[in-house]
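I have placed the structure first, in the form of structure tokens, so that the comments after it can refer back to it.
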Amino acid sequence: MRDAGLGALLAFVLAAGAMCGCGRHTEPYDLVVISPHDDTITQEFERGFAEVFKGVHGRKPKIWWQDFGAGTEAQMRTMLDRFSQRPEGIGVDLFFGGGIDPYKTLKAKGLLTPYRVKNVADVPAELLGVPLYDKEYHWYGTALSSFGILYNKVLLKKLGLPEPKTWEDMTEGRLMGYVGLADPSRSGSARAIYEIILQAYGWEKGMEVITLMAANANDFHPGSSSLAKDVATGQVAMGPAIDFYGWTQVAEAGEDLLGFVLPEKLTVITPDTIAILKGAPHLETARMFVDFAMGESGQKLWMLKAGAPGGPRKYNLLRMSVLPVIYERYADVSIRKLNPFKFTSSFTHDSEKGSARREVLADLMKSLLMQPHPELRACWKAVQTAPNRNALIRKMTKLPVSESEALEMARTKWEDQVFRAQTTTDWVHFALKKYEDVKDEAEAVGR
């Protein structure tokens with residue numbers, strides 16, 4: 001169970017105890033894990049792993065799911081901060097959950113411990129251009145996720161709008177105030193969705209789509225789960241969502257109220273990842289957990305119906321397995337019918353480019369769309385009724401940096417905090433002036 005009530009002092013005391021060389025029987029925990037997963041996943045994986053651990057040690061393991069904050073990005077920042085103070089290790093064994101980009105960052109900084117899982121030969125090396133595990137075995141995709149649009153059918157009907165099919169459907173002007181988005185600086189899945197849109201449409205068109213989505217947004221949520229709940233309760237009409245959040249809400253609310261769609265040929269399948277951290281105090285148990293998560297016993301938890309033999313006990317986890325054999329072997333008891341290994345896309349997702357520019361993209365969105373959000377909304381409201389609307393949209397969505405320039409910044413300059421602060425400040429000023437000028441022009445031609 002997640003122990004969110006322990007204070008920071010106790011966290012450091014326990015971590016220090018784990019690193020002091022004490023014997024297993026005197027340590028308070030057998031495994032320490034950081035995870036953005038919610039309790040439905042952590043409970044099911046703890047229960048499943050307990051059976052494996054008990055078979056070796058004759059008792060259930062004591063697992064501490066550390067509370068490092070909400071969302072993958074927030075947890076990453078906390079980990080990096082702690083590693084900067086304790087480079088030999090932070091008293092944590094595993095990072096479990098989130099897309100591959102944070103894991104690439106951790107590997108590049110030398111903060112992961114490689115381990116070759118027992119069944120690595122059963123896991124495909126990649127899917128539609130996205131790697132499913134690190135070729136040097138520093139991290140592994142444990143489950144697969146897709147990204148789409150969760151929408152409220154009842155609210156859309158009241159607004160007189162059709163159900164969405166593509167990302168561009170979230171740019172419809174009549175949706176102003178009815179789109180929910182998540183903050184890419186805090187949500188890993190949100191960042192993944194924005195990167196998919198950029199690669200599906202190209203840099204300039206993709207940023208135009210994202211800008212108009214933001215202009216329609218009522219707010220930027222700290223995480224994708226709260227956004228999905230707002231769609232379900234009718235606070236917004238639609239929003240981008242990772243598939244298991246979408247399908248969970250549809251299952252709970254009913255198909256009469258909610259729908260979830262994968263934009264055809266405009267989305268990708270990506271892995272949800274696990275890795276052993278540097279200085280893991282319970283290394284053998286951590287390896288045992290990774291083997292369990294990647295093996296058939298762990299993979300069945302993602303896909304089988306709750307209550308099915310070998311499946312989750314209480315919760316349907318609604319993820320897709322990274323083992324192709326699971327789809328045919330357990331088809332009759334699987335809750336997920338889409339086989340991602342038969343999925344097609346009209347573009348090849350460049351995961352290396354996405355990983356390289358992840359921080360720049362988050363800062364660009366924050367500077368252009370989030371900080372000047374009131375000005376963006378006011379500009380969009382004026383543009384919608386202007387006779388030269390299309391020309392104004394092009395001006396409104398103009399960017400201060402090209403794709404190649406953004407990538408060069410990411411690779412060479414973005415760790416320079418002075419340069420980063422000055423550049424993002426310039427971007428905010430650029431956005432504010434742009435929105436003011438376009439709004440004035442729209443109002444002038446509309447008189």
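Chain labels A, B, ... are given in the sequence in which chains occur in the structure tokens; within each chain residues are numbered consecutively from 1, and ligands are likewise numbered from 1 in the order shown.
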
Q. What are the DSSP strand (DSSP E) residues of region 155-230 of chain A, as a list in words?
A.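 Strand (DSSP E) assignments inside region 155-230 of chain A correspond to Val179, Gly180, Leu181, Ala182, Ala217, Asn218, Asp219, Phe220 and His221 of chain A.
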
With N, CA and C atoms retained, write the just-selected residues as a PDB file, in the first residue's frame.
ATOM      1  N   VAL A 179     -12.401  22.257 -23.542  1.00  0.00           N
ATOM      2  CA  VAL A 179     -11.316  21.295 -23.753  1.00  0.00           C
ATOM      3  C   VAL A 179     -10.442  21.265 -22.498  1.00  0.00           C
ATOM      4  N   GLY A 180     -10.076  20.069 -22.077  1.00  0.00           N
ATOM      5  CA  GLY A 180      -9.174  19.920 -20.947  1.00  0.00           C
ATOM      6  C   GLY A 180      -7.803  19.460 -21.424  1.00  0.00           C
ATOM      7  N   LEU A 181      -6.742  20.089 -20.926  1.00  0.00           N
ATOM      8  CA  LEU A 181      -5.374  19.697 -21.260  1.00  0.00           C
ATOM      9  C   LEU A 181      -4.578  19.508 -19.975  1.00  0.00           C
ATOM     10  N   ALA A 182      -3.467  18.795 -20.075  1.00  0.00           N
ATOM     11  CA  ALA A 182      -2.590  18.588 -18.917  1.00  0.00           C
ATOM     12  C   ALA A 182      -1.264  19.311 -19.136  1.00  0.00           C
ATOM     13  N   ALA A 217      -8.784  25.443 -24.236  1.00  0.00           N
ATOM     14  CA  ALA A 217      -8.690  24.792 -22.931  1.00  0.00           C
ATOM     15  C   ALA A 217      -9.252  25.664 -21.814  1.00  0.00           C
ATOM     16  N   ASN A 218      -9.933  25.008 -20.886  1.00  0.00           N
ATOM     17  CA  ASN A 218     -10.409  25.729 -19.701  1.00  0.00           C
ATOM     18  C   ASN A 218      -9.328  25.826 -18.631  1.00  0.00           C
ATOM     19  N   ASP A 219      -8.350  24.880 -18.701  1.00  0.00           N
ATOM     20  CA  ASP A 219      -7.294  24.846 -17.701  1.00  0.00           C
ATOM     21  C   ASP A 219      -6.228  23.848 -18.134  1.00  0.00           C
ATOM     22  N   PHE A 220      -5.086  23.876 -17.457  1.00  0.00           N
ATOM     23  CA  PHE A 220      -4.038  22.881 -17.642  1.00  0.00           C
ATOM     24  C   PHE A 220      -3.922  22.080 -16.343  1.00  0.00           C
ATOM     25  N   HIS A 221      -4.352  20.826 -16.398  1.00  0.00           N
ATOM     26  CA  HIS A 221      -4.380  19.976 -15.219  1.00  0.00           C
ATOM     27  C   HIS A 221      -2.970  19.506 -14.857  1.00  0.00           C
TER      28      HIS A 221
END

**Q.** Long-range neighbours of region 354-363 of chain A as a PyMOL selection string, 10 Å cut-off, only C-alpha atoms, 2 positions minimum in chain
**A.** chain A and resi 100-105+183-188+190-192+194-196+198-199+349-352+365-370+403+406-411+414-415+420-421+423-424+427

Sorted per-residue table, region 212-265 of chain A near region 136-144 of chain A, closest atoms and distance, 12 Å, only C-alpha atoms, as CSV:
residue,atom,partner,partner_atom,distance
A:Ile242,CA,A:Leu144,CA,10.4
A:Asp243,CA,A:Leu144,CA,9.6
A:Phe244,CA,A:Leu144,CA,9.9

Please produce an output containing N, CA and C atoms for each residue in the selection, written as a PDB file, in the first residue's frame.
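What follows is the written file again38.pdb:
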ATOM      1  N   ILE A 242      -4.394   9.095 -22.077  1.00  0.00           N
ATOM      2  CA  ILE A 242      -3.779   7.792 -22.279  1.00  0.00           C
ATOM      3  C   ILE A 242      -4.892   6.753 -22.239  1.00  0.00           C
ATOM      4  N   ASP A 243      -4.746   5.675 -22.994  1.00  0.00           N
ATOM      5  CA  ASP A 243      -5.882   4.784 -23.233  1.00  0.00           C
ATOM      6  C   ASP A 243      -6.500   4.191 -21.978  1.00  0.00           C
ATOM      7  N   PHE A 244      -5.694   3.787 -20.990  1.00  0.00           N
ATOM      8  CA  PHE A 244      -6.301   3.123 -19.845  1.00  0.00           C
ATOM      9  C   PHE A 244      -7.108   4.086 -18.992  1.00  0.00           C
TER      10      PHE A 244
END

Q: Give me the residues within 10 Å of Ile326 (chain A) as a PyMOL selection string, counting only C-alpha atoms and dropping any in the same chain fewer than 5 places off.
A: chain A and resi 296+299-300+303-304+320-321+331+334+339

Q: Among the residues of region 91-295 of chain A, find those DSSP assigns to helix (DSSP H, G or I) from the backbone and print them as a VMD selection string.
A: chain A and resid 100 to 108 120 to 122 153 to 159 167 to 171 173 to 175 188 to 201 203 to 216 224 to 232 243 to 253 283 to 294

Write out, as a PDB file, in the first residue's frame, the residues just selected, with C-alpha atoms.
ATOM      1  CA  ILE A 100      10.635   5.900 -21.798  1.00  0.00           C
ATOM      2  CA  ASP A 101      11.942   9.492 -21.927  1.00  0.00           C
ATOM      3  CA  PRO A 102      12.620   9.838 -18.168  1.00  0.00           C
ATOM      4  CA  TYR A 103      14.425   6.505 -18.212  1.00  0.00           C
ATOM      5  CA  LYS A 104      16.656   7.629 -21.055  1.00  0.00           C
ATOM      6  CA  THR A 105      17.535  10.702 -19.030  1.00  0.00           C
ATOM      7  CA  LEU A 106      18.333   8.599 -15.962  1.00  0.00           C
ATOM      8  CA  LYS A 107      20.478   6.245 -18.031  1.00  0.00           C
ATOM      9  CA  ALA A 108      22.391   9.132 -19.618  1.00  0.00           C
ATOM     10  CA  VAL A 120      14.270 -10.831 -22.857  1.00  0.00           C
ATOM     11  CA  ALA A 121      14.246 -12.989 -25.998  1.00  0.00           C
ATOM     12  CA  ASP A 122      10.423 -13.040 -25.835  1.00  0.00           C
ATOM     13  CA  LYS A 153     -21.237  12.435 -25.589  1.00  0.00           C
ATOM     14  CA  VAL A 154     -23.998  14.206 -23.673  1.00  0.00           C
ATOM     15  CA  LEU A 155     -22.159  17.517 -23.479  1.00  0.00           C
ATOM     16  CA  LEU A 156     -21.140  17.388 -27.141  1.00  0.00           C
ATOM     17  CA  LYS A 157     -24.780  16.841 -28.098  1.00  0.00           C
ATOM     18  CA  LYS A 158     -25.788  19.916 -26.090  1.00  0.00           C
ATOM     19  CA  LEU A 159     -23.099  21.915 -27.891  1.00  0.00           C
ATOM     20  CA  TRP A 167      -6.667  15.739 -32.807  1.00  0.00           C
ATOM     21  CA  GLU A 168      -7.777  18.647 -35.006  1.00  0.00           C
ATOM     22  CA  ASP A 169     -11.357  18.179 -33.810  1.00  0.00           C
ATOM     23  CA  MET A 170     -10.254  19.711 -30.499  1.00  0.00           C
ATOM     24  CA  THR A 171      -9.483  22.982 -32.306  1.00  0.00           C
ATOM     25  CA  GLY A 173     -13.920  27.231 -32.020  1.00  0.00           C
ATOM     26  CA  ARG A 174     -17.235  26.260 -30.430  1.00  0.00           C
ATOM     27  CA  LEU A 175     -15.260  24.146 -27.953  1.00  0.00           C
ATOM     28  CA  GLY A 188       4.681  12.510 -18.761  1.00  0.00           C
ATOM     29  CA  SER A 189       1.661  11.205 -20.679  1.00  0.00           C
ATOM     30  CA  ALA A 190       0.644  14.764 -21.627  1.00  0.00           C
ATOM     31  CA  ARG A 191       4.111  15.441 -22.959  1.00  0.00           C
ATOM     32  CA  ALA A 192       3.961  12.205 -24.943  1.00  0.00           C
ATOM     33  CA  ILE A 193       0.652  13.242 -26.506  1.00  0.00           C
ATOM     34  CA  TYR A 194       1.960  16.655 -27.589  1.00  0.00           C
ATOM     35  CA  GLU A 195       5.058  15.006 -29.071  1.00  0.00           C
ATOM     36  CA  ILE A 196       2.862  12.578 -31.007  1.00  0.00           C
ATOM     37  CA  ILE A 197       0.842  15.469 -32.447  1.00  0.00           C
ATOM     38  CA  LEU A 198       4.043  17.263 -33.503  1.00  0.00           C
ATOM     39  CA  GLN A 199       5.392  14.192 -35.254  1.00  0.00           C
ATOM     40  CA  ALA A 200       2.050  13.213 -36.825  1.00  0.00           C
ATOM     41  CA  TYR A 201       1.435  16.662 -38.378  1.00  0.00           C
ATOM     42  CA  TRP A 203       6.418  20.897 -36.421  1.00  0.00           C
ATOM     43  CA  GLU A 204       4.516  23.956 -37.666  1.00  0.00           C
ATOM     44  CA  LYS A 205       1.127  22.309 -38.296  1.00  0.00           C
ATOM     45  CA  GLY A 206       1.463  20.297 -35.098  1.00  0.00           C
ATOM     46  CA  MET A 207       2.121  23.418 -33.028  1.00  0.00           C
ATOM     47  CA  GLU A 208      -0.838  25.093 -34.711  1.00  0.00           C
ATOM     48  CA  VAL A 209      -3.073  22.217 -33.597  1.00  0.00           C
ATOM     49  CA  ILE A 210      -1.653  22.310 -30.060  1.00  0.00           C
ATOM     50  CA  THR A 211      -1.998  26.115 -29.875  1.00  0.00           C
ATOM     51  CA  LEU A 212      -5.676  26.048 -30.867  1.00  0.00           C
ATOM     52  CA  MET A 213      -6.317  23.176 -28.458  1.00  0.00           C
ATOM     53  CA  ALA A 214      -4.763  25.337 -25.739  1.00  0.00           C
ATOM     54  CA  ALA A 215      -6.873  28.317 -26.807  1.00  0.00           C
ATOM     55  CA  ASN A 216      -9.945  26.150 -26.253  1.00  0.00           C
ATOM     56  CA  SER A 224      -3.964  13.212 -17.023  1.00  0.00           C
ATOM     57  CA  SER A 225      -6.056  11.345 -14.462  1.00  0.00           C
ATOM     58  CA  SER A 226      -7.743  14.504 -13.145  1.00  0.00           C
ATOM     59  CA  LEU A 227      -8.361  15.642 -16.729  1.00  0.00           C
ATOM     60  CA  ALA A 228     -10.124  12.349 -17.526  1.00  0.00           C
ATOM     61  CA  LYS A 229     -12.356  12.756 -14.476  1.00  0.00           C
ATOM     62  CA  ASP A 230     -13.340  16.269 -15.617  1.00  0.00           C
ATOM     63  CA  VAL A 231     -14.502  14.844 -18.947  1.00  0.00           C
ATOM     64  CA  ALA A 232     -16.499  12.173 -17.125  1.00  0.00           C
ATOM     65  CA  ASP A 243      -5.882   4.784 -23.233  1.00  0.00           C
ATOM     66  CA  PHE A 244      -6.301   3.123 -19.845  1.00  0.00           C
ATOM     67  CA  TYR A 245      -7.570   6.362 -18.271  1.00  0.00           C
ATOM     68  CA  GLY A 246      -9.977   6.700 -21.184  1.00  0.00           C
ATOM     69  CA  TRP A 247     -11.284   3.149 -21.126  1.00  0.00           C
ATOM     70  CA  THR A 248     -11.518   3.155 -17.321  1.00  0.00           C
ATOM     71  CA  GLN A 249     -13.764   6.201 -17.412  1.00  0.00           C
ATOM     72  CA  VAL A 250     -15.888   4.733 -20.204  1.00  0.00           C
ATOM     73  CA  ALA A 251     -16.289   1.467 -18.279  1.00  0.00           C
ATOM     74  CA  GLU A 252     -17.284   3.289 -15.087  1.00  0.00           C
ATOM     75  CA  ALA A 253     -19.620   5.881 -16.611  1.00  0.00           C
ATOM     76  CA  LEU A 283      19.259  -5.453  -5.568  1.00  0.00           C
ATOM     77  CA  GLU A 284      18.320  -9.140  -5.721  1.00  0.00           C
ATOM     78  CA  THR A 285      14.705  -8.442  -4.782  1.00  0.00           C
ATOM     79  CA  ALA A 286      14.604  -5.639  -7.353  1.00  0.00           C
ATOM     80  CA  ARG A 287      15.824  -8.056 -10.036  1.00  0.00           C
ATOM     81  CA  MET A 288      13.214 -10.562  -8.922  1.00  0.00           C
ATOM     82  CA  PHE A 289      10.472  -7.915  -9.255  1.00  0.00           C
ATOM     83  CA  VAL A 290      11.612  -6.898 -12.761  1.00  0.00           C
ATOM     84  CA  ASP A 291      11.644 -10.557 -13.844  1.00  0.00           C
ATOM     85  CA  PHE A 292       8.112 -10.924 -12.448  1.00  0.00           C
ATOM     86  CA  ALA A 293       6.858  -7.762 -14.169  1.00  0.00           C
ATOM     87  CA  MET A 294       8.324  -8.783 -17.534  1.00  0.00           C
TER      88      MET A 294
END

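Between CA of Phe147 (chain A) and CA of Ile269 (chain A) lies a distance of 7.5 Å.
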
Q: Counting only C-alpha atoms, figure out which residue out of A:Phe83, A:Ala442, A:Pro263, A:Trp64 gets nearest to Asn390 (chain A).
A: A:Ala442

Q. Which residue, A:Glu441, A:Asp30, A:Glu436, A:Glu375, has the smallest gap to Asn388 (chain A) when you use only C-alpha atoms?
A.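 Of the candidates, the smallest distance to Asn388 (chain A) is held by A:Glu441.
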
Q. Restricting the calculation to only C-alpha atoms, which member of A:Pro61, A:Pro271, A:Pro164, A:Pro28 is positioned closest to Gly98 (chain A)?
A. A:Pro271

Q) What is the CA of Thr385 (chain A) to CA of Ala444 (chain A) distance in Å? A) 11.5 Å

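With distances restricted to only C-alpha atoms, A:Ala237 is the closest residue to Pro162 (chain A) from A:Gln75, A:Thr344, A:Lys60, A:Ala237.
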
Q: Between CA of Phe95 (chain A) and CA of Gln43 (chain A), measure the distance and give it in Å to one decimal.
A: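 Distance between the two atoms: 15.8 Å.
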
**Q.** Top pick for closest residue to Val445 (chain A), considering A:Gln417, A:Ala74, A:Phe430, A:Pro387 and counting only C-alpha atoms
**A.**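 Under the stated criterion, the closest residue is A:Pro387.
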
Q) Counting only C-alpha atoms, which of A:His37, A:Trp380, A:Gly99, A:Lys342 gets nearest to Pro131 (chain A)? A) A:Gly99
